[in-house]
Amino acid sequence: MTSFYLSKPYDPPQAPTNLPLDESWALFGGISPEQFMGRYWHKKPLLVRGAIPAFKLSAQSGESLESPIPTQDLLKFALDDEVESRLVKSKPWSFDSGPLTKRAIPSIHKPDWTLLFQGMEAHHPAAAKILSWFRFIPDARLDDLMISIAGIGGGVGPHFDSYDVFLIQMSGRRQWRISEQKDLSLNPNLPLKILQNFKPEENWILEPGDMLYLPPHIAHNGIALDAGCQTWSVGFRSPSFKELLQEGLWRLAESLEDIPALEGKFADPEQGATQSAEQLPDELIKQLRSKLKELKLDQIDGFLPGITAYLSEPKQQAFFDGPENPLNPREFSKKLGTSNLIPHPKTRILSLGKQVYCNGDNMVQGQKPDIGQAWQTLSATKMLTTSKLPKLDKSSLYEAYLAGWLVFQP
Ligand code: SIN
Ligand code: CO
């Protein structure tokens, strides 16, 4: 008798807008996001068997689930110059940046290579949906979803990352070895960041639907055990204080352009005769101190707009195309009454109180209150449908649509 084993791609659900933060989630092995954050986030690794129960449930009913992106479709992204990709071969170690030519993409049946695709939330809806599961962590911390595909034995070698990562096994098996070792010195003779003294302390084989969470600086090595092994990693960013302050200060300096009163010149009618002519005058210091106070430049609040604007900048390689046949403002407003306007997957939106920053720009400043409110909804729920905005010409909402930053949900 012939036995049929059906298989179909896994279709991840979009997370609801209001995540149940105090309820138990299979994704974290039965603890809630609140408990996960308290016990594991940024503290210690967590292995979750059956984090996506659909894989085991389907197998039990005689149907196997495949990755949402089949091997051949995924490999094609390596040819695309809009996708950030890397090819890593392990015997010997070598590294190539994409886009690759067709011939440079290894056969899935060959061993010891892996292809990694960064920012996949912008290129496949399944990747964007998986990111939505993690919106109990601030958007400002989220980086992107990376997908790796490998031949047997493939991997990027023992290394550590400076950020938190959720490694979701989506196809085939991967063996993970991890270590909390202090020695994180790298092998200086290799083209990749590979640890020179990796001493694994734990060893697990992850199957499709399993997930491993790693905080920063945990040494790890993932080796594909099956051809076409896919690992989807949700990665986070941890900017240095230097980066945050430099970017914040730079934007703060730029914003001074908009304050005409600062064109006023320093004057010193109070200056007395001095024996220390070489010193910066006390009078100048006094007046500067009061200016800084007056402009609140001596307080954190002065820096936060620039820092939020910086963190809302899209990835460097993100380019946006406006709609081919843009709706006019009236048509746009009508469609907004019936369709969902959502951020383009490459768009970043962050809020600072009621101010909303989209791709580096403040979208609320100088806008009518109802437009501000629309942006606040968009920022919080990543979606907007409203029939309450009849006048949209020259609004930042319409401009963002024309720029391709906001799109109607297909
Ligand atoms: C991989 O998916 O092969 C690499 C992920 C990682 O180690 O961070
Ligand atoms: Co890693």
# chains A, B, ... in the order shown; residues from 1 in each chain; ligands from 1
$ residues_near_ligand --ligand "ligand 2" --cutoff "10 Å" --atoms "only C-alpha atoms and all ligand atoms" --output "list in words"
Gly155, Val156, Gly157, Pro158, His159, Phe160, Asp161, Ser162, Tyr163, Asp164, Val165, Phe166, Leu167, Leu214, Pro216, His217, Ile218, Ala219, His220, Asn221, Gly222, Ser233 and Gly235 of chain A
$ write_last_selection --atoms "C-alpha atoms" --output "PDB file, in the first residue's frame"
ATOM      1  CA  GLY A 155      26.692  27.149   9.906  1.00  0.00           C
ATOM      2  CA  VAL A 156      28.513  30.361  10.710  1.00  0.00           C
ATOM      3  CA  GLY A 157      30.831  28.727  13.251  1.00  0.00           C
ATOM      4  CA  PRO A 158      31.176  29.199  17.012  1.00  0.00           C
ATOM      5  CA  HIS A 159      30.665  32.874  17.810  1.00  0.00           C
ATOM      6  CA  PHE A 160      28.826  35.276  20.089  1.00  0.00           C
ATOM      7  CA  ASP A 161      26.461  38.129  19.297  1.00  0.00           C
ATOM      8  CA  SER A 162      26.172  41.450  21.100  1.00  0.00           C
ATOM      9  CA  TYR A 163      22.389  41.340  20.991  1.00  0.00           C
ATOM     10  CA  ASP A 164      19.501  39.120  22.105  1.00  0.00           C
ATOM     11  CA  VAL A 165      18.181  36.617  19.588  1.00  0.00           C
ATOM     12  CA  PHE A 166      15.278  34.178  19.261  1.00  0.00           C
ATOM     13  CA  LEU A 167      16.347  31.292  16.999  1.00  0.00           C
ATOM     14  CA  LEU A 214      19.960  33.571  23.686  1.00  0.00           C
ATOM     15  CA  PRO A 216      23.959  38.704  24.330  1.00  0.00           C
ATOM     16  CA  HIS A 217      27.473  37.265  24.698  1.00  0.00           C
ATOM     17  CA  ILE A 218      26.491  33.593  24.987  1.00  0.00           C
ATOM     18  CA  ALA A 219      28.902  31.586  22.835  1.00  0.00           C
ATOM     19  CA  HIS A 220      26.976  29.433  20.347  1.00  0.00           C
ATOM     20  CA  ASN A 221      27.365  27.242  17.305  1.00  0.00           C
ATOM     21  CA  GLY A 222      24.491  25.989  15.155  1.00  0.00           C
ATOM     22  CA  SER A 233      16.196  34.577  13.937  1.00  0.00           C
ATOM     23  CA  GLY A 235      17.320  39.938  16.275  1.00  0.00           C
TER      24      GLY A 235
END
$ select_by_dssp --residues "range 310-360 of chain A" --states "strand (DSSP E)" --output "ChimeraX atom specification"
/A:341-343,349-352,355-358
$ residues_around --residues "Gly264 in chain A" --least-positions-apart "4" --cutoff "12 Å" --atoms "only C-alpha atoms" --output "ChimeraX atom specification"
/A:259-260,291
$ residues_around --residues "Val356 in chain A" --least-positions-apart "5" --cutoff "8 Å" --atoms "only C-alpha atoms" --output "JSON, numbers by chain"
{"A": [349, 350, 351, 362, 363, 364, 372, 375, 376, 379]}
$ closest_residue --among "A:Gly151, A:Gly337, A:Gly38, A:Pro369" --to "ligand 1" --atoms "only C-alpha atoms and all ligand atoms"
A:Gly151
$ atom_distance --atom1 "CA of Thr231 in chain A" --atom2 "atom 3 (O, counted along the ligand's line) of ligand 1"
6.4 Å
